[in-house]
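Enquirer: Can you keep this structure in mind? I'll have questions shortly.
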Amino acid sequence: MTKSSAGGAGGETEASPGLPAPTELSGRCVWCSRPLTAPVGRGRPRRYCRQGCRQRAYEARLRSAELDLAPDDVVVGRAQLDDLAAALYCLQSALEDVDRDLAAAGDDPAEVRLALVWLLDNARPLADLWLEPRAAGGSAPG
Ligand SMILES: [Zn+2]
């Protein structure tokens with residue numbers, strides 16, 4: 001027997017019965033992936049960094065059911081995804097450069113330092129990005 005995936009109409013529930021939990025990173029908001037603050041007192045660990053994230057996750061679960069998507073599928077803007085892919089490509093290319101340069105550098109500290117600076121320069125654009133799912137039915141800023 002399998003449970004029906006319908007239901008979950010209570011906006012305040014942490015997880016809808018019958019739906020698998022979205023992908024969770026330990027200590028991160030289930031919706032926006034920002035770090036969670038430490039829980040106050042006892043009780044269930046927090047899953048969302050703020051009420052807005054809980055609401056957006058709830059709306060997204062409803063919307064994903066309407067659109068026949070997997071429960072943890074999310075919508076992101078094309079421009080945001082392109083920015084992320086470009087920054088990731090820079091980092092991947094820099095990793096290849098640094099692997100090659102370090103193999104050739106031996107123990108020369110100046111060469112190792114140059115490689116590290118190159119890697120940092122190409123990692124920072126990625127670290128400065130933030131990608132967050134688009135709220136269901138809402139207009140994205142920008
Ligand atoms: Zn959040």
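Ordering of the structure tokens sets the chain letters (A, B, ...); residue numbers start at 1 within each chain; ligands are numbered from 1 in the order shown.
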Please identify every polymer residue within 12 Å of ligand 1, using only C-alpha atoms and all ligand atoms, and present the set as a PyMOL selection string.

Expert: chain A and resi 24-25+27-37+46-57+130-133+135

Enquirer: Just write the chosen residues, C-alpha atoms, as a PDB file, in the first residue's frame.

Expert:
ATOM      1  CA  GLU A  24      18.001  18.770   3.269  1.00  0.00           C
ATOM      2  CA  LEU A  25      21.450  20.100   3.966  1.00  0.00           C
ATOM      3  CA  GLY A  27      21.923  23.118   9.392  1.00  0.00           C
ATOM      4  CA  ARG A  28      20.518  24.861   6.312  1.00  0.00           C
ATOM      5  CA  CYS A  29      17.096  26.226   5.459  1.00  0.00           C
ATOM      6  CA  VAL A  30      15.205  23.657   3.394  1.00  0.00           C
ATOM      7  CA  TRP A  31      13.970  26.408   1.071  1.00  0.00           C
ATOM      8  CA  CYS A  32      16.780  28.938   0.555  1.00  0.00           C
ATOM      9  CA  SER A  33      19.768  26.956   1.910  1.00  0.00           C
ATOM     10  CA  ARG A  34      20.909  29.780   4.143  1.00  0.00           C
ATOM     11  CA  PRO A  35      22.485  28.657   7.427  1.00  0.00           C
ATOM     12  CA  LEU A  36      20.019  28.157  10.266  1.00  0.00           C
ATOM     13  CA  THR A  37      20.596  29.763  13.605  1.00  0.00           C
ATOM     14  CA  ARG A  46      14.272  24.238  12.658  1.00  0.00           C
ATOM     15  CA  ARG A  47      13.979  23.540   8.944  1.00  0.00           C
ATOM     16  CA  TYR A  48      13.372  27.079   7.665  1.00  0.00           C
ATOM     17  CA  CYS A  49      15.303  30.269   8.365  1.00  0.00           C
ATOM     18  CA  ARG A  50      12.161  32.397   8.399  1.00  0.00           C
ATOM     19  CA  GLN A  51       8.400  32.204   8.039  1.00  0.00           C
ATOM     20  CA  GLY A  52       8.557  33.400   4.425  1.00  0.00           C
ATOM     21  CA  CYS A  53      10.701  30.413   3.479  1.00  0.00           C
ATOM     22  CA  ARG A  54       8.290  28.019   5.146  1.00  0.00           C
ATOM     23  CA  GLN A  55       5.404  29.596   3.225  1.00  0.00           C
ATOM     24  CA  ARG A  56       7.248  29.504  -0.117  1.00  0.00           C
ATOM     25  CA  ALA A  57       8.167  25.864   0.405  1.00  0.00           C
ATOM     26  CA  TRP A 130      23.317  33.077  -4.150  1.00  0.00           C
ATOM     27  CA  LEU A 131      20.700  30.985  -5.889  1.00  0.00           C
ATOM     28  CA  GLU A 132      17.283  30.673  -4.365  1.00  0.00           C
ATOM     29  CA  PRO A 133      14.159  29.010  -5.737  1.00  0.00           C
ATOM     30  CA  ALA A 135       8.362  31.540  -5.211  1.00  0.00           C
TER      31      ALA A 135
END

Enquirer: Could you name the residues that touch range 81-83 of chain A at 10 Å or less, counting only C-alpha atoms, but leaving out those on the same chain fewer than 4 positions away, as a PyMOL selection string?

Expert: chain A and resi 76-77+87-89+125-126+129-132

Enquirer: May I have the selected residues written with N, CA and C atoms, as a compact mmCIF listing (two decimals), in the first residue's frame?

Expert:
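Saved file again21.txt follows:
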# COMPACT_ATOMS: atom_id res chain seq x y z
N VAL A 76 13.88 28.06 -10.85
CA VAL A 76 14.86 29.14 -10.71
C VAL A 76 14.86 29.95 -12.00
N GLY A 77 15.23 31.20 -11.89
CA GLY A 77 15.30 32.07 -13.06
C GLY A 77 16.45 31.67 -13.97
N ALA A 87 29.93 31.12 -13.28
CA ALA A 87 30.86 31.19 -12.16
C ALA A 87 31.44 29.81 -11.86
N LEU A 88 30.62 28.79 -11.99
CA LEU A 88 31.09 27.43 -11.75
C LEU A 88 32.10 27.02 -12.83
N TYR A 89 31.84 27.43 -14.06
CA TYR A 89 32.78 27.13 -15.14
C TYR A 89 34.14 27.79 -14.88
N PRO A 125 33.89 34.79 -7.37
CA PRO A 125 32.60 35.07 -8.04
C PRO A 125 31.53 34.03 -7.72
N LEU A 126 31.94 32.78 -7.60
CA LEU A 126 30.98 31.74 -7.25
C LEU A 126 30.52 31.90 -5.81
N LEU A 129 27.80 34.48 -5.28
CA LEU A 129 26.46 34.24 -5.83
C LEU A 129 25.57 33.58 -4.79
N TRP A 130 24.28 33.81 -4.95
CA TRP A 130 23.32 33.08 -4.15
C TRP A 130 22.16 32.70 -5.06
N LEU A 131 21.79 31.45 -5.05
CA LEU A 131 20.70 30.98 -5.89
C LEU A 131 19.59 30.48 -4.99
N GLU A 132 18.42 31.02 -5.21
CA GLU A 132 17.28 30.67 -4.36
C GLU A 132 16.11 30.33 -5.28

Enquirer: Choose the residue, out of A:Val75, A:Leu62, A:Leu114, A:Leu119, that has the smallest atom-to-atom separation from Glu96 in chain A; count only C-alpha atoms.

Expert: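 That would be A:Leu119, the residue with the smallest distance to Glu96 in chain A.
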
Enquirer: Would you work out the distance separating CA of Arg61 in chain A from CA of Leu84 in chain A, expressed in Å to one decimal?

Expert: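 These two atoms are separated by 24.1 Å.
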
Enquirer: Assign secondary structure with DSSP using the backbone only, and return the residues of range 28-116 of chain A in helix (DSSP H, G or I) as a ChimeraX atom specification.

Expert: /A:51-66,78-105,109-116

Enquirer: Dump C-alpha atoms for the selected residues as a compact mmCIF listing (two decimals), in the first residue's frame?

Expert:
# COMPACT_ATOMS: atom_id res chain seq x y z
CA GLN A 51 8.40 32.20 8.04
CA GLY A 52 8.56 33.40 4.42
CA CYS A 53 10.70 30.41 3.48
CA ARG A 54 8.29 28.02 5.15
CA GLN A 55 5.40 29.60 3.23
CA ARG A 56 7.25 29.50 -0.12
CA ALA A 57 8.17 25.86 0.41
CA TYR A 58 4.55 25.06 1.14
CA GLU A 59 3.36 26.90 -1.98
CA ALA A 60 6.04 25.18 -4.06
CA ARG A 61 4.89 21.76 -2.86
CA LEU A 62 1.35 22.58 -3.93
CA ARG A 63 2.55 23.96 -7.28
CA SER A 64 4.83 21.00 -7.98
CA ALA A 65 1.87 18.68 -7.48
CA GLU A 66 -0.19 20.77 -9.93
CA ARG A 78 17.27 31.46 -16.28
CA ALA A 79 19.54 34.45 -15.66
CA GLN A 80 20.36 33.26 -12.13
CA LEU A 81 21.08 29.77 -13.38
CA ASP A 82 23.28 31.14 -16.19
CA ASP A 83 25.23 33.29 -13.70
CA LEU A 84 25.77 30.26 -11.50
CA ALA A 85 26.88 28.10 -14.41
CA ALA A 86 29.32 30.79 -15.61
CA ALA A 87 30.86 31.19 -12.16
CA LEU A 88 31.09 27.43 -11.75
CA TYR A 89 32.78 27.13 -15.14
CA CYS A 90 35.37 29.72 -14.06
CA LEU A 91 36.11 27.74 -10.92
CA GLN A 92 36.35 24.44 -12.80
CA SER A 93 38.76 25.97 -15.30
CA ALA A 94 40.85 27.50 -12.51
CA LEU A 95 41.04 24.11 -10.77
CA GLU A 96 42.42 22.57 -13.95
CA ASP A 97 44.94 25.42 -14.29
CA VAL A 98 46.03 25.11 -10.68
CA ASP A 99 46.36 21.32 -10.84
CA ARG A 100 48.59 21.68 -13.88
CA ASP A 101 50.58 24.62 -12.45
CA LEU A 102 51.18 22.93 -9.09
CA ALA A 103 52.36 19.75 -10.80
CA ALA A 104 54.93 21.87 -12.65
CA ALA A 105 55.78 24.18 -9.74
CA PRO A 109 56.61 28.93 -2.90
CA ALA A 110 56.20 31.81 -5.35
CA GLU A 111 54.57 29.52 -7.92
CA VAL A 112 52.34 27.95 -5.27
CA ARG A 113 51.30 31.42 -4.15
CA LEU A 114 50.47 32.46 -7.71
CA ALA A 115 48.37 29.33 -8.13
CA LEU A 116 46.52 30.03 -4.91

Enquirer: Mind giving me the straight-line distance from CA of Arg134 in chain A to CA of Val74 in chain A in Å, one decimal?

Expert: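 Pair CA of Arg134 in chain A / CA of Val74 in chain A returns 7.4 Å.
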